[in-house]
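Undergrad: You'll find protein.txt just under this line, and it carries compact mmCIF, N, CA and C atoms.
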```
# COMPACT_ATOMS: atom_id res chain seq x y z
N MET A 220 65.59 106.75 115.90
CA MET A 220 65.19 107.91 116.68
C MET A 220 63.67 108.11 116.63
N GLU A 221 62.95 107.24 115.95
CA GLU A 221 61.51 107.42 115.81
C GLU A 221 60.78 107.41 117.14
N ASN A 222 61.33 106.70 118.13
CA ASN A 222 60.67 106.61 119.43
C ASN A 222 61.27 107.56 120.47
N VAL A 223 62.14 108.45 120.05
CA VAL A 223 62.75 109.40 120.97
C VAL A 223 61.85 110.61 121.13
N ASP A 224 61.67 111.04 122.36
CA ASP A 224 60.87 112.22 122.65
C ASP A 224 61.77 113.45 122.52
N PHE A 225 61.54 114.25 121.51
CA PHE A 225 62.36 115.43 121.25
C PHE A 225 61.81 116.69 121.93
N SER A 226 60.84 116.54 122.82
CA SER A 226 60.24 117.71 123.45
C SER A 226 61.24 118.48 124.32
N LYS A 227 62.32 117.85 124.75
CA LYS A 227 63.32 118.52 125.58
C LYS A 227 64.47 119.10 124.74
N TYR A 228 64.36 118.97 123.42
CA TYR A 228 65.38 119.47 122.51
C TYR A 228 64.84 120.67 121.76
N THR A 229 65.71 121.61 121.44
CA THR A 229 65.30 122.80 120.71
C THR A 229 65.54 122.57 119.22
N LEU A 230 64.48 122.71 118.43
CA LEU A 230 64.54 122.53 116.98
C LEU A 230 65.26 123.72 116.35
N ILE A 231 66.12 123.42 115.39
CA ILE A 231 66.78 124.45 114.59
C ILE A 231 66.08 124.45 113.23
N PRO A 232 65.33 125.50 112.91
CA PRO A 232 64.56 125.49 111.66
C PRO A 232 65.46 125.61 110.43
N GLY A 233 64.87 125.25 109.28
CA GLY A 233 65.56 125.51 108.02
C GLY A 233 65.84 124.29 107.17
N TRP A 234 65.53 123.11 107.66
CA TRP A 234 65.82 121.89 106.90
C TRP A 234 64.58 121.39 106.17
N MET A 235 64.82 120.78 105.01
CA MET A 235 63.78 120.04 104.30
C MET A 235 64.26 118.61 104.22
N GLY A 236 63.44 117.66 104.64
CA GLY A 236 63.84 116.26 104.60
C GLY A 236 64.69 115.85 105.78
N ALA A 237 64.86 116.72 106.74
CA ALA A 237 65.64 116.43 107.94
C ALA A 237 65.20 117.38 109.04
N LYS A 238 65.61 117.10 110.26
CA LYS A 238 65.39 117.99 111.39
C LYS A 238 66.70 118.08 112.16
N GLU A 239 67.01 119.29 112.61
CA GLU A 239 68.22 119.48 113.40
C GLU A 239 67.82 120.01 114.77
N TYR A 240 68.43 119.46 115.80
CA TYR A 240 68.13 119.85 117.17
C TYR A 240 69.42 120.19 117.91
N TYR A 241 69.30 121.16 118.83
CA TYR A 241 70.37 121.38 119.79
C TYR A 241 70.34 120.23 120.79
N GLY A 242 71.51 119.82 121.24
CA GLY A 242 71.58 118.88 122.34
C GLY A 242 70.98 119.53 123.58
N THR A 243 70.58 118.71 124.54
CA THR A 243 69.99 119.28 125.75
C THR A 243 71.02 120.18 126.44
N GLY A 244 70.53 121.31 126.92
CA GLY A 244 71.40 122.28 127.58
C GLY A 244 71.96 123.33 126.64
N TYR A 245 71.69 123.22 125.34
CA TYR A 245 72.17 124.20 124.36
C TYR A 245 70.96 124.88 123.72
N PHE A 246 71.09 126.19 123.52
CA PHE A 246 69.97 126.97 122.99
C PHE A 246 70.51 128.07 122.07
N PRO A 247 69.69 128.54 121.13
CA PRO A 247 70.14 129.66 120.28
C PRO A 247 70.30 130.91 121.13
N VAL A 248 71.07 131.84 120.59
CA VAL A 248 71.23 133.16 121.21
C VAL A 248 70.75 134.19 120.20
N LYS A 249 70.45 135.37 120.67
CA LYS A 249 69.97 136.45 119.79
C LYS A 249 71.17 137.28 119.31
N ASP A 250 71.16 137.59 118.03
CA ASP A 250 72.20 138.49 117.50
C ASP A 250 71.73 139.94 117.72
N ALA A 251 72.49 140.90 117.20
CA ALA A 251 72.19 142.33 117.39
C ALA A 251 70.83 142.73 116.85
N GLU A 252 70.33 141.98 115.84
CA GLU A 252 69.02 142.28 115.26
C GLU A 252 67.90 141.48 115.91
N GLY A 253 68.23 140.70 116.94
CA GLY A 253 67.22 139.90 117.62
C GLY A 253 66.89 138.58 116.95
N ILE A 254 67.74 138.15 116.04
CA ILE A 254 67.53 136.90 115.31
C ILE A 254 68.26 135.76 116.02
N ASP A 255 67.61 134.60 116.10
CA ASP A 255 68.24 133.43 116.70
C ASP A 255 69.44 132.99 115.87
N VAL A 256 70.58 132.82 116.53
CA VAL A 256 71.79 132.30 115.90
C VAL A 256 72.41 131.26 116.81
N MET A 257 73.36 130.52 116.28
CA MET A 257 74.04 129.50 117.06
C MET A 257 74.88 130.15 118.16
N PRO A 258 74.89 129.55 119.35
CA PRO A 258 75.79 130.06 120.38
C PRO A 258 77.23 129.67 120.03
N LYS A 259 78.18 130.21 120.77
CA LYS A 259 79.58 129.88 120.50
C LYS A 259 79.84 128.39 120.73
N HIS A 260 79.33 127.85 121.81
CA HIS A 260 79.52 126.44 122.13
C HIS A 260 78.19 125.71 122.05
N TYR A 261 78.16 124.64 121.28
CA TYR A 261 76.93 123.87 121.12
C TYR A 261 77.23 122.45 120.65
N VAL A 262 76.19 121.64 120.73
CA VAL A 262 76.16 120.32 120.09
C VAL A 262 74.83 120.26 119.37
N THR A 263 74.84 119.84 118.10
CA THR A 263 73.59 119.66 117.37
C THR A 263 73.54 118.25 116.79
N TYR A 264 72.31 117.79 116.58
CA TYR A 264 72.06 116.48 116.00
C TYR A 264 71.17 116.66 114.78
N LEU A 265 71.60 116.11 113.66
CA LEU A 265 70.78 116.13 112.45
C LEU A 265 70.10 114.78 112.34
N ILE A 266 68.78 114.80 112.20
CA ILE A 266 67.98 113.58 112.10
C ILE A 266 67.44 113.50 110.68
N SER A 267 67.74 112.39 110.00
CA SER A 267 67.26 112.21 108.63
C SER A 267 67.09 110.73 108.35
N ALA A 268 66.65 110.42 107.13
CA ALA A 268 66.55 109.03 106.70
C ALA A 268 67.96 108.44 106.58
N TYR A 269 68.03 107.11 106.59
CA TYR A 269 69.32 106.42 106.45
C TYR A 269 69.03 104.97 106.06
N PRO A 270 69.81 104.33 105.25
CA PRO A 270 71.05 104.74 104.62
C PRO A 270 70.85 105.57 103.34
N ASP A 271 69.59 105.65 102.88
CA ASP A 271 69.27 106.47 101.71
C ASP A 271 68.08 107.34 102.07
N TYR A 272 68.03 108.55 101.51
CA TYR A 272 66.92 109.45 101.80
C TYR A 272 65.57 108.82 101.44
N ALA A 273 65.53 107.95 100.44
CA ALA A 273 64.28 107.31 100.03
C ALA A 273 63.84 106.22 101.00
N ASP A 274 64.73 105.78 101.89
CA ASP A 274 64.41 104.70 102.81
C ASP A 274 63.56 105.14 103.99
N GLY A 275 63.50 106.43 104.23
CA GLY A 275 62.71 106.92 105.36
C GLY A 275 63.38 106.60 106.69
N GLY A 276 62.61 106.78 107.74
CA GLY A 276 63.12 106.55 109.08
C GLY A 276 63.79 107.79 109.64
N GLN A 277 64.11 107.72 110.92
CA GLN A 277 64.75 108.84 111.60
C GLN A 277 65.99 108.34 112.31
N TYR A 278 67.13 108.82 111.83
CA TYR A 278 68.42 108.40 112.38
C TYR A 278 69.29 109.64 112.59
N VAL A 279 70.16 109.58 113.59
CA VAL A 279 71.15 110.65 113.74
C VAL A 279 72.17 110.44 112.64
N THR A 280 72.24 111.37 111.70
CA THR A 280 73.18 111.24 110.59
C THR A 280 74.31 112.25 110.64
N ARG A 281 74.23 113.20 111.60
CA ARG A 281 75.34 114.13 111.80
C ARG A 281 75.28 114.68 113.21
N ILE A 282 76.45 114.78 113.81
CA ILE A 282 76.60 115.45 115.10
C ILE A 282 77.65 116.54 114.89
N GLU A 283 77.31 117.75 115.28
CA GLU A 283 78.21 118.88 115.13
C GLU A 283 78.52 119.42 116.53
N ILE A 284 79.81 119.57 116.84
CA ILE A 284 80.23 119.95 118.19
C ILE A 284 81.18 121.14 118.11
N THR A 285 80.87 122.17 118.90
CA THR A 285 81.82 123.28 119.08
C THR A 285 82.17 123.47 120.55
N ASP A 286 81.53 122.73 121.42
CA ASP A 286 81.77 122.84 122.86
C ASP A 286 83.04 122.08 123.23
N PRO A 287 84.06 122.77 123.75
CA PRO A 287 85.32 122.10 124.07
C PRO A 287 85.21 121.12 125.23
N LYS A 288 84.09 121.13 125.97
CA LYS A 288 83.90 120.18 127.07
C LYS A 288 83.49 118.80 126.58
N VAL A 289 83.03 118.71 125.33
CA VAL A 289 82.54 117.45 124.77
C VAL A 289 83.71 116.69 124.15
N GLU A 290 83.83 115.44 124.53
CA GLU A 290 84.93 114.60 124.08
C GLU A 290 84.39 113.36 123.37
N ILE A 291 84.93 113.08 122.21
CA ILE A 291 84.57 111.89 121.44
C ILE A 291 85.87 111.11 121.20
N MET A 292 85.96 109.92 121.75
CA MET A 292 87.14 109.07 121.60
C MET A 292 88.44 109.79 122.00
N GLY A 293 88.33 110.66 122.98
CA GLY A 293 89.49 111.39 123.45
C GLY A 293 89.78 112.65 122.67
N ILE A 294 88.97 112.97 121.68
CA ILE A 294 89.17 114.15 120.84
C ILE A 294 88.16 115.23 121.23
N THR A 295 88.61 116.47 121.28
CA THR A 295 87.72 117.62 121.47
C THR A 295 88.00 118.61 120.34
N VAL A 296 87.25 119.69 120.32
CA VAL A 296 87.49 120.71 119.30
C VAL A 296 88.83 121.39 119.49
N ASN A 297 89.41 121.26 120.67
CA ASN A 297 90.71 121.86 120.95
C ASN A 297 91.87 120.90 120.71
N SER A 298 91.58 119.71 120.22
CA SER A 298 92.64 118.75 119.93
C SER A 298 93.47 119.22 118.75
N THR A 299 94.71 118.82 118.74
CA THR A 299 95.59 119.15 117.61
C THR A 299 95.39 118.13 116.49
N GLU A 300 95.88 118.47 115.32
CA GLU A 300 95.83 117.52 114.21
C GLU A 300 96.60 116.25 114.56
N ASP A 301 97.71 116.39 115.27
CA ASP A 301 98.49 115.21 115.67
C ASP A 301 97.69 114.32 116.62
N GLU A 302 96.98 114.90 117.55
CA GLU A 302 96.16 114.12 118.48
C GLU A 302 95.05 113.39 117.72
N PHE A 303 94.39 114.09 116.81
CA PHE A 303 93.34 113.49 115.98
C PHE A 303 93.93 112.33 115.19
N SER A 304 95.05 112.58 114.53
CA SER A 304 95.70 111.57 113.71
C SER A 304 96.11 110.36 114.54
N ASP A 305 96.66 110.58 115.72
CA ASP A 305 97.07 109.47 116.58
C ASP A 305 95.91 108.57 116.94
N VAL A 306 94.78 109.16 117.35
CA VAL A 306 93.62 108.37 117.74
C VAL A 306 93.13 107.50 116.59
N PHE A 307 92.96 108.10 115.42
CA PHE A 307 92.37 107.36 114.31
C PHE A 307 93.38 106.48 113.57
N SER A 308 94.63 106.86 113.55
CA SER A 308 95.66 106.00 112.94
C SER A 308 95.79 104.70 113.73
N ASN A 309 95.65 104.80 115.05
CA ASN A 309 95.71 103.60 115.90
C ASN A 309 94.53 102.67 115.65
N MET A 310 93.48 103.16 115.03
CA MET A 310 92.32 102.33 114.66
C MET A 310 92.45 101.82 113.23
N GLY A 311 93.57 102.12 112.59
CA GLY A 311 93.79 101.67 111.23
C GLY A 311 93.18 102.57 110.17
N CYS A 312 92.81 103.77 110.53
CA CYS A 312 92.18 104.71 109.59
C CYS A 312 93.23 105.49 108.81
N THR A 313 92.84 105.87 107.61
CA THR A 313 93.64 106.75 106.78
C THR A 313 93.19 108.18 107.04
N ILE A 314 94.14 109.05 107.25
CA ILE A 314 93.86 110.44 107.58
C ILE A 314 94.04 111.30 106.33
N SER A 315 93.13 112.26 106.13
CA SER A 315 93.29 113.21 105.03
C SER A 315 93.19 114.62 105.59
N LYS A 316 93.89 115.52 104.92
CA LYS A 316 93.90 116.93 105.32
C LYS A 316 93.52 117.78 104.12
N LYS A 317 92.74 118.83 104.39
CA LYS A 317 92.36 119.78 103.35
C LYS A 317 92.45 121.18 103.94
N ALA A 318 92.93 122.10 103.13
CA ALA A 318 93.02 123.49 103.55
C ALA A 318 92.05 124.32 102.72
N TYR A 319 91.32 125.19 103.40
CA TYR A 319 90.38 126.09 102.75
C TYR A 319 90.78 127.52 103.12
N ALA A 320 90.06 128.48 102.62
CA ALA A 320 90.40 129.89 102.88
C ALA A 320 90.36 130.23 104.36
N THR A 321 89.36 129.71 105.08
CA THR A 321 89.22 130.07 106.49
C THR A 321 89.45 128.91 107.46
N TYR A 322 89.43 127.68 106.97
CA TYR A 322 89.58 126.51 107.83
C TYR A 322 90.58 125.52 107.27
N SER A 323 91.12 124.72 108.16
CA SER A 323 91.89 123.54 107.79
C SER A 323 91.17 122.35 108.39
N ASN A 324 90.94 121.33 107.60
CA ASN A 324 90.23 120.13 108.05
C ASN A 324 91.16 118.93 108.07
N ILE A 325 90.98 118.11 109.08
CA ILE A 325 91.61 116.80 109.11
C ILE A 325 90.46 115.83 109.32
N SER A 326 90.43 114.74 108.54
CA SER A 326 89.29 113.84 108.63
C SER A 326 89.68 112.41 108.32
N THR A 327 88.77 111.53 108.67
CA THR A 327 88.91 110.11 108.35
C THR A 327 87.52 109.51 108.28
N THR A 328 87.40 108.40 107.58
CA THR A 328 86.13 107.68 107.50
C THR A 328 86.34 106.26 107.99
N LYS A 329 85.48 105.83 108.88
CA LYS A 329 85.51 104.47 109.41
C LYS A 329 84.07 103.96 109.44
N ASP A 330 83.84 102.82 108.79
CA ASP A 330 82.50 102.21 108.75
C ASP A 330 81.43 103.19 108.27
N ASN A 331 81.72 103.92 107.20
CA ASN A 331 80.80 104.89 106.58
C ASN A 331 80.46 106.08 107.47
N ILE A 332 81.25 106.31 108.50
CA ILE A 332 81.09 107.47 109.36
C ILE A 332 82.35 108.32 109.20
N THR A 333 82.17 109.60 108.86
CA THR A 333 83.30 110.51 108.68
C THR A 333 83.44 111.39 109.91
N TYR A 334 84.65 111.44 110.42
CA TYR A 334 85.01 112.27 111.57
C TYR A 334 85.89 113.40 111.03
N THR A 335 85.51 114.63 111.31
CA THR A 335 86.25 115.78 110.81
C THR A 335 86.50 116.77 111.94
N LEU A 336 87.75 117.21 112.04
CA LEU A 336 88.11 118.29 112.95
C LEU A 336 88.46 119.49 112.08
N ALA A 337 87.65 120.54 112.17
CA ALA A 337 87.87 121.77 111.40
C ALA A 337 88.46 122.81 112.34
N THR A 338 89.60 123.33 111.96
CA THR A 338 90.30 124.33 112.77
C THR A 338 90.39 125.63 111.98
N PRO A 339 89.96 126.75 112.57
CA PRO A 339 90.05 128.02 111.84
C PRO A 339 91.50 128.39 111.58
N ASN A 340 91.75 128.91 110.41
CA ASN A 340 93.10 129.36 110.07
C ASN A 340 93.43 130.61 110.87
N GLU A 341 94.70 130.79 111.12
CA GLU A 341 95.16 131.95 111.87
C GLU A 341 94.68 133.23 111.19
N GLY A 342 94.19 134.16 112.01
CA GLY A 342 93.72 135.43 111.47
C GLY A 342 92.26 135.43 111.04
N THR A 343 91.56 134.29 111.21
CA THR A 343 90.13 134.23 110.87
C THR A 343 89.31 134.23 112.15
N ASP A 344 88.02 134.51 112.02
CA ASP A 344 87.15 134.61 113.18
C ASP A 344 86.43 133.31 113.53
N GLY A 345 86.68 132.25 112.81
CA GLY A 345 85.96 131.01 113.04
C GLY A 345 86.29 130.36 114.36
N GLN A 346 85.56 129.31 114.65
CA GLN A 346 85.84 128.52 115.85
C GLN A 346 86.00 127.07 115.45
N PRO A 347 86.74 126.30 116.23
CA PRO A 347 86.94 124.90 115.87
C PRO A 347 85.64 124.11 115.97
N MET A 348 85.53 123.06 115.14
CA MET A 348 84.33 122.25 115.10
C MET A 348 84.71 120.79 114.86
N LEU A 349 84.05 119.91 115.56
CA LEU A 349 84.19 118.47 115.37
C LEU A 349 82.87 117.96 114.82
N THR A 350 82.93 117.26 113.69
CA THR A 350 81.73 116.75 113.05
C THR A 350 81.84 115.24 112.88
N ILE A 351 80.75 114.56 113.18
CA ILE A 351 80.65 113.12 112.97
C ILE A 351 79.45 112.94 112.04
N GLN A 352 79.69 112.37 110.86
CA GLN A 352 78.62 112.34 109.86
C GLN A 352 78.55 110.99 109.16
N ALA A 353 77.33 110.45 109.08
CA ALA A 353 77.08 109.23 108.34
C ALA A 353 76.80 109.58 106.89
N GLU A 354 77.30 108.79 105.98
CA GLU A 354 77.02 109.03 104.56
C GLU A 354 75.61 108.55 104.25
N VAL A 355 74.79 109.48 103.75
CA VAL A 355 73.43 109.16 103.33
C VAL A 355 73.38 109.30 101.82
N THR A 356 72.94 108.26 101.14
CA THR A 356 72.86 108.29 99.69
C THR A 356 71.51 108.87 99.24
N ASN A 357 71.41 109.14 97.95
CA ASN A 357 70.18 109.71 97.38
C ASN A 357 69.92 109.04 96.02
N ARG A 358 69.65 107.74 96.04
CA ARG A 358 69.52 106.96 94.81
C ARG A 358 68.35 107.39 93.93
N GLU A 359 67.31 107.98 94.53
CA GLU A 359 66.14 108.43 93.79
C GLU A 359 66.29 109.86 93.27
N GLY A 360 67.36 110.54 93.67
CA GLY A 360 67.57 111.92 93.26
C GLY A 360 66.54 112.88 93.83
N ILE A 361 66.13 112.64 95.08
CA ILE A 361 65.13 113.49 95.71
C ILE A 361 65.65 114.92 95.78
N GLN A 362 64.81 115.87 95.37
CA GLN A 362 65.14 117.29 95.42
C GLN A 362 64.56 117.89 96.69
N PHE A 363 65.41 118.46 97.51
CA PHE A 363 64.94 119.07 98.76
C PHE A 363 64.82 120.56 98.59
```
As structure tokens, how would this structure be written, given the file I've shared?
TA:
Amino acid sequence: MENVDFSKYTLIPGWMGAKEYYGTGYFPVKDAEGIDVMPKHYVTYLISAYPDYADGGQYVTRIEITDPKVEIMGITVNSTEDEFSDVFSNMGCTISKKAYATYSNISTTKDNITYTLATPNEGTDGQPMLTIQAEVTNREGIQF
């Protein structure tokens, strides 16, 4: 990503050792206090070093999606766990599920890339999210 012109992307502040941008066409919204917050539907890209933070460089190491119009391998944030499982099981992936207080996650890892579909539990205010994340190591123990 070192040669990519990010002037058309909106930077999301707050990272050390990485930069996060909204995908084109997505922008922050103002909350009741006038502070920039994430919109309901968005795509973001995290740019960091890879495969280790000490290696430097600029690579997309995470994509976060809440926009139901965005489809990755036939999966959207509105896909069911069965649909997610079918797509990745057909690729020979092992599926894992985890339940948390507000979300239930289904995920798999293929070629050091983890795909996760997070679905808000019934009665919570969350929204579904699809995340694609590369594993970045930290062999030098860099403190951010």
Undergrad: Give me, as CSV, the closest atom pair and its distance (Å, one decimal) for every residue of region 258-339 of chain A within a cut-off of 6.5 Å of region 238-251 of chain A, counting only N, CA and C atoms, rows sorted by chain and rising number.
TA:
```
residue,atom,partner,partner_atom,distance
A:Pro258,N,A:Val248,N,4.6
A:Tyr261,CA,A:Tyr245,CA,5.8
A:Val262,C,A:Gly242,N,3.8
A:Thr263,CA,A:Tyr240,C,4.2
A:Tyr264,N,A:Tyr240,C,4.0
A:Leu265,CA,A:Glu239,CA,4.3
A:Ile266,N,A:Lys238,C,3.9
A:Ser267,N,A:Lys238,N,5.2
```
Undergrad: Could you work out how far CA of Met348 (chain A) lies from atom N of Thr285 (chain A), giving the answer in Å with one decimal?
TA: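 Those two atoms sit 5.1 Å apart.
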Undergrad: Leaving out region 272-280 of chain A and any residue of its chain fewer than 6 positions from it, which residues lie within 5 Å of it when counting only N, CA and C atoms, given as a list in words?
TA: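 My reading of the contact set: Met220, Glu221, Leu265, Ile266, Gln352, Ala353, Thr356 and Asn357 of chain A.
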Undergrad: Could you tell me which of A:Asp224, A:Glu341, A:Asp271, A:Glu283 comes closest to Met257 (chain A) if we count only C-alpha atoms?
TA: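 Of A:Asp224, A:Glu341, A:Asp271, A:Glu283, the one nearest Met257 (chain A), counting only C-alpha atoms, is A:Glu283.
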Undergrad: Nearest residue to Thr343 (chain A) out of A:Thr321, A:Ser298, A:Asn331, A:Ser308, using only N, CA and C atoms?
TA: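 Checking each candidate against Thr343 (chain A), we get A:Thr321 as the closest.
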Undergrad: Using only C-alpha atoms, find the one residue out of A:Glu300, A:Glu359, A:Glu354, A:Glu290 that sits nearest to Thr328 (chain A).
TA: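 For Thr328 (chain A), the nearest of the candidates is A:Glu354.
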Undergrad: Measure the distance from atom N of Asn297 (chain A) to atom C of Lys259 (chain A) in Å and round it to one decimal.
TA: 11.9 Å
Undergrad: Figure out the distance between atom N of Val355 (chain A) and atom C of Asp301 (chain A), please, to one decimal in Å.
TA: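 These atoms are spaced 26.7 Å apart.
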Undergrad: Nearest residue to Ile282 (chain A) out of A:Thr350, A:Ser315, A:Thr229, A:Ser323, using all atoms listed in the file?
TA: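 Among the listed residues, the smallest separation from Ile282 (chain A) belongs to A:Thr350.
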Undergrad: Put a box with edges along x, y and z around all the listed atoms of region 255-272 of chain A, pad it by 3 Å on each side, then give me its centre and sizes in Å, one decimal, as JSON.
TA:
```
{"center_x": 72.7, "center_y": 119.5, "center_z": 111.8, "size_x": 20.3, "size_y": 36.3, "size_z": 26.7}
```
Undergrad: So that I can check the surroundings of Ile325 (chain A), please list as a VMD selection string every protein, DNA and RNA residue that reaches within 8 Å of it, counting all atoms listed in the file and ignoring chain neighbours fewer than 6 positions away.
TA: chain A and resid 300 303 to 304 314 to 318 334 to 338
Undergrad: Mind checking DSSP for region 271-323 of chain A and telling me the strand (DSSP E or B) residues as a list in words?
TA: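 Taking region 271-323 of chain A and keeping strand (DSSP E or B) gives Asp271, Tyr278, Val279, Thr280, Arg281, Ile282, Glu283, Ile284, Ile291, Ile294, Ser315, Lys316, Lys317, Ala318, Tyr322 and Ser323 of chain A.
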Undergrad: With only C-alpha atoms as the basis for distance, which of A:Gln362, A:Thr333, A:Ala237, A:Ser226 is at the shortest distance from Thr313 (chain A)?
TA: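 Once distances to Thr313 (chain A) are computed over only C-alpha atoms, the minimum belongs to A:Thr333.
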Undergrad: Return the single residue from A:Gly311, A:Asp344, A:Glu252, A:Gly233 that is closest to Lys329 (chain A), with distances computed using only C-alpha atoms.
TA: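 Nearest to Lys329 (chain A): A:Gly311.
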